[in-house]
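Read the structure below first, then the notes.
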Amino acid sequence: MTAESPLPAVVKAADALNEAICAGSACPPVRALLADGDTEAAYAVQRVNVERGLAAGRRLVGRKIGLTSPAVQAQLGVDQPDFGVLFADMAVPEGGEVAAGRLLQPKVEAEVALVLGADLPHADCTVADVIRATEFALPALEIVDSRIADWDITIVDTVADNASSGLFVLGSTPVPLTRLDLRGLRMTMTRNGQVVSEGTGADCLGSPLNAAAWLASTVAAKGDPLRAGEIVLTGALGPMAVAAPGDRFEACIGDLGTVQVGFAAEGNRR
């Protein structure tokens with residue numbers, strides 16, 4: 001995290017995103033407040049709201065990688081991965097239900113989650129480093145969301161918006177990497193029993209391990225390396241699917257197993 005005071009435009013963009021969360025109403029794209037394609041400014045926006053969350057008592061438990069799948073990049077019109085943070089209050093129990101109205105415009109994607117048993121402090125992190133540092137893997141669903149109206153986003157908007165994070169669901173049976181071929185994993189995700197997304201581990205930057213090495217190197221270079229105990233959501237294995245009240249999603253991810261989540265009907269708000 002930087003100690004420098006953020007620029008006024010950065011604070012204004014962070015305020016707009018924060019107000020969208022508080023009001024439960026999406027805001028216009030924040031890219032108009034920042035220089036075209038300025039991802040460093042966008043990460044500065046993200047840091048402002050992360051620091052606000054930490055100051056309010058939220059607990060950081062990991063990071064998420066976004067935009068690793070060519071299919072998802074095509075859906076959003078971007079051409080590079082990004083990252084955001086995971087807070088403890090973003091976790092949904094496996095098989096649980098997301099309350100109606102908790103998110104603005106949710107979509108679901110299936111991913112491999114890695115849980116670290118050691119730090120990854122180097123800005124030239126290798127796949128071997130990731131393998132040594134990973135304690136176990138889990139199947140995961142990321143429920144992405146956007147505070148930007150109608151998902152009208154560029155790379156700048158999604159980075160500023162904590163990589164369009166929402167919630168996440170982890171499977172309950174840890175699997176050691178020695179029992180997995182992460183590149184060859186096949187994923188099928190269903191919504192209400194109908195297949196809505198398919199992919200493989202190779203669709204995530206060639207392998208979820210490549211994605212994790214990219215993240216570890218990137219955040220270490222920024223002075224905020226991955227630490228033991230952190231969860232890493234390595235990125236989508238296939239296209240996102242829109243979630244509506246009453247929907248139920250299940251992903252089967254090869255030898256990792258399955259993970260499920262539901263969305264409460266409109267009347268079930270809490």
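Ordering of the structure tokens sets the chain letters (A, B, ...), residue numbers begin anew at 1 in every chain, and ligands are numbered from 1 in the order given.
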
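Look at Arg102 of chain A: the protein and nucleic acid residues within 10 Å of it, using only C-alpha atoms and passing over chain neighbours fewer than 2 places away, are Ile21, Gly24, Val98, Ala99, Ala100, Leu104, Gln105, Pro106, Gly166, Leu167, Phe263, Ala264, Arg269 and Arg270 of chain A.
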
Extract, using only C-alpha atoms, all DNA, RNA and protein residues at most 6 Å from segment 139-151 of chain A, discarding same-chain residues fewer than 4 positions from it, and format them as an MDAnalysis selection string.
-> chainID A and resid 26:29 105:113 164:171 256

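Contact shell of segment 8-18 of chain A at 8 Å (only C-alpha atoms; same-chain neighbours under 4 positions omitted): Cys22, Cys27, Val30, Leu33, Leu34, Ala41, Ala42, Ala44, Val45, Gln46, Val48, Asn49, Arg147, Ile148, Ala160 and Asp161 of chain A.
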
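Excluding segment 203-207 of chain A itself and same-chain residues fewer than 2 positions from it, the residues having an atom within 9 Å of it are Leu67, Thr68, Ser69, Pro70, Ala71, Pro81, Glu111, Leu182, Arg183, Gly184, Gly199, Thr200, Gly201, Leu209, Asn210, Ala211, Ala212, Thr234, Gly235, Ala236, Leu237 and Gly238 of chain A, counting only C-alpha atoms.
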
Would you save the residues from that selection as a JSON list (two decimals), in the first residue's frame, using C-alpha atoms?
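Below you can see selection_10.json, which holds the result:
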[["chain", "number", "residue", "atom", "x", "y", "z"],
["A", 67, "LEU", "CA", -9.64, -11.63, -16.82],
["A", 68, "THR", "CA", -7.51, -14.76, -17.22],
["A", 69, "SER", "CA", -9.86, -16.53, -19.62],
["A", 70, "PRO", "CA", -9.96, -15.47, -23.29],
["A", 71, "ALA", "CA", -13.72, -16.03, -23.17],
["A", 81, "PRO", "CA", -5.48, -9.92, -16.42],
["A", 111, "GLU", "CA", -12.33, -21.22, -10.69],
["A", 182, "LEU", "CA", -4.41, -28.17, -12.99],
["A", 183, "ARG", "CA", -3.84, -27.50, -16.68],
["A", 184, "GLY", "CA", -5.90, -30.53, -17.71],
["A", 199, "GLY", "CA", -13.63, -24.85, -19.93],
["A", 200, "THR", "CA", -10.33, -26.31, -18.77],
["A", 201, "GLY", "CA", -7.41, -25.31, -16.61],
["A", 209, "LEU", "CA", -0.42, -22.00, -11.75],
["A", 210, "ASN", "CA", 0.67, -19.51, -14.41],
["A", 211, "ALA", "CA", -2.04, -17.13, -13.21],
["A", 212, "ALA", "CA", -0.92, -17.48, -9.59],
["A", 234, "THR", "CA", -6.82, -17.97, -9.90],
["A", 235, "GLY", "CA", -9.35, -16.84, -12.51],
["A", 236, "ALA", "CA", -12.24, -18.10, -14.59],
["A", 237, "LEU", "CA", -12.00, -21.42, -16.41],
["A", 238, "GLY", "CA", -14.83, -20.45, -18.76]]

Residues at most 10 Å from Leu86 of chain A, counting only C-alpha atoms, excluding those fewer than 2 positions away in the same chain, as a PyMOL selection string?
-> chain A and resi 50+58-64+83-84+88-91+162+165-168+230-233

Resulting file, chosen residues, C-alpha atoms, as a PDB file, in the first residue's frame:
ATOM      1  CA  VAL A  50      -9.355  -1.310   0.245  1.00  0.00           C
ATOM      2  CA  ARG A  58     -12.805  -5.753   7.349  1.00  0.00           C
ATOM      3  CA  ARG A  59     -10.253  -8.590   7.248  1.00  0.00           C
ATOM      4  CA  LEU A  60      -8.219  -9.283   4.122  1.00  0.00           C
ATOM      5  CA  VAL A  61      -8.041 -13.039   3.447  1.00  0.00           C
ATOM      6  CA  GLY A  62      -6.669 -13.244  -0.078  1.00  0.00           C
ATOM      7  CA  ARG A  63      -6.573 -11.984  -3.644  1.00  0.00           C
ATOM      8  CA  LYS A  64      -8.452 -12.661  -6.839  1.00  0.00           C
ATOM      9  CA  PHE A  83      -6.319  -8.448  -9.568  1.00  0.00           C
ATOM     10  CA  GLY A  84      -8.308  -7.415  -6.533  1.00  0.00           C
ATOM     11  CA  ALA A  88     -13.562 -12.385   4.899  1.00  0.00           C
ATOM     12  CA  ASP A  89     -17.080 -10.956   4.646  1.00  0.00           C
ATOM     13  CA  MET A  90     -17.137 -11.818   0.917  1.00  0.00           C
ATOM     14  CA  ALA A  91     -17.118 -15.570   1.637  1.00  0.00           C
ATOM     15  CA  ASN A 162     -11.606  -4.122  -7.051  1.00  0.00           C
ATOM     16  CA  SER A 165     -15.292  -8.508  -7.130  1.00  0.00           C
ATOM     17  CA  GLY A 166     -18.432  -9.528  -5.304  1.00  0.00           C
ATOM     18  CA  LEU A 167     -18.474 -12.730  -3.268  1.00  0.00           C
ATOM     19  CA  PHE A 168     -16.806 -16.141  -3.412  1.00  0.00           C
ATOM     20  CA  GLU A 230      -4.067 -16.298   1.850  1.00  0.00           C
ATOM     21  CA  ILE A 231      -6.659 -17.598  -0.599  1.00  0.00           C
ATOM     22  CA  VAL A 232      -5.907 -17.045  -4.271  1.00  0.00           C
ATOM     23  CA  LEU A 233      -8.772 -17.234  -6.737  1.00  0.00           C
TER      24      LEU A 233
END

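Every residue of segment 204-267 of chain A with a DSSP assignment of strand (DSSP E or B), taken from the backbone, is listed as A:Leu226, A:Ile231, A:Val232, A:Leu233, A:Thr234, A:Gly235, A:Ala236, A:Ala241, A:Val242, A:Arg248, A:Phe249, A:Glu250, A:Ala251, A:Cys252, A:Ile253, A:Gly257, A:Thr258, A:Val259, A:Gln260, A:Val261, A:Gly262, A:Phe263.
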
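Distance annotation: of A:Leu215, A:Ile155, A:Leu180, A:Ala74, the residue with the minimal separation from Asp36 of chain A is A:Ile155; atom set is only C-alpha atoms.
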
May I have all residues of segment 79-163 of chain A that DSSP, computed from the backbone, assigns to alpha helix (DSSP H), given as a PyMOL selection string?
-> chain A and resi 127-133+155-160

Shortest contact to Val175 of chain A, candidates A:Pro245, A:Gly254, A:Gly262, A:Gly37, atoms counted only C-alpha atoms, goes to A:Gly254

Option closest in space to Ala56 of chain A, from A:Trp214, A:Phe87, A:Gln194, A:Gln80 [counting only C-alpha atoms] | A:Phe87

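For the pair atom CA of Thr173 of chain A and atom CA of Cys125 of chain A, the separation is 27.1 Å.
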
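Atom to atom, atom CA of Val115 of chain A and atom CA of Thr134 of chain A stand 5.9 Å apart.
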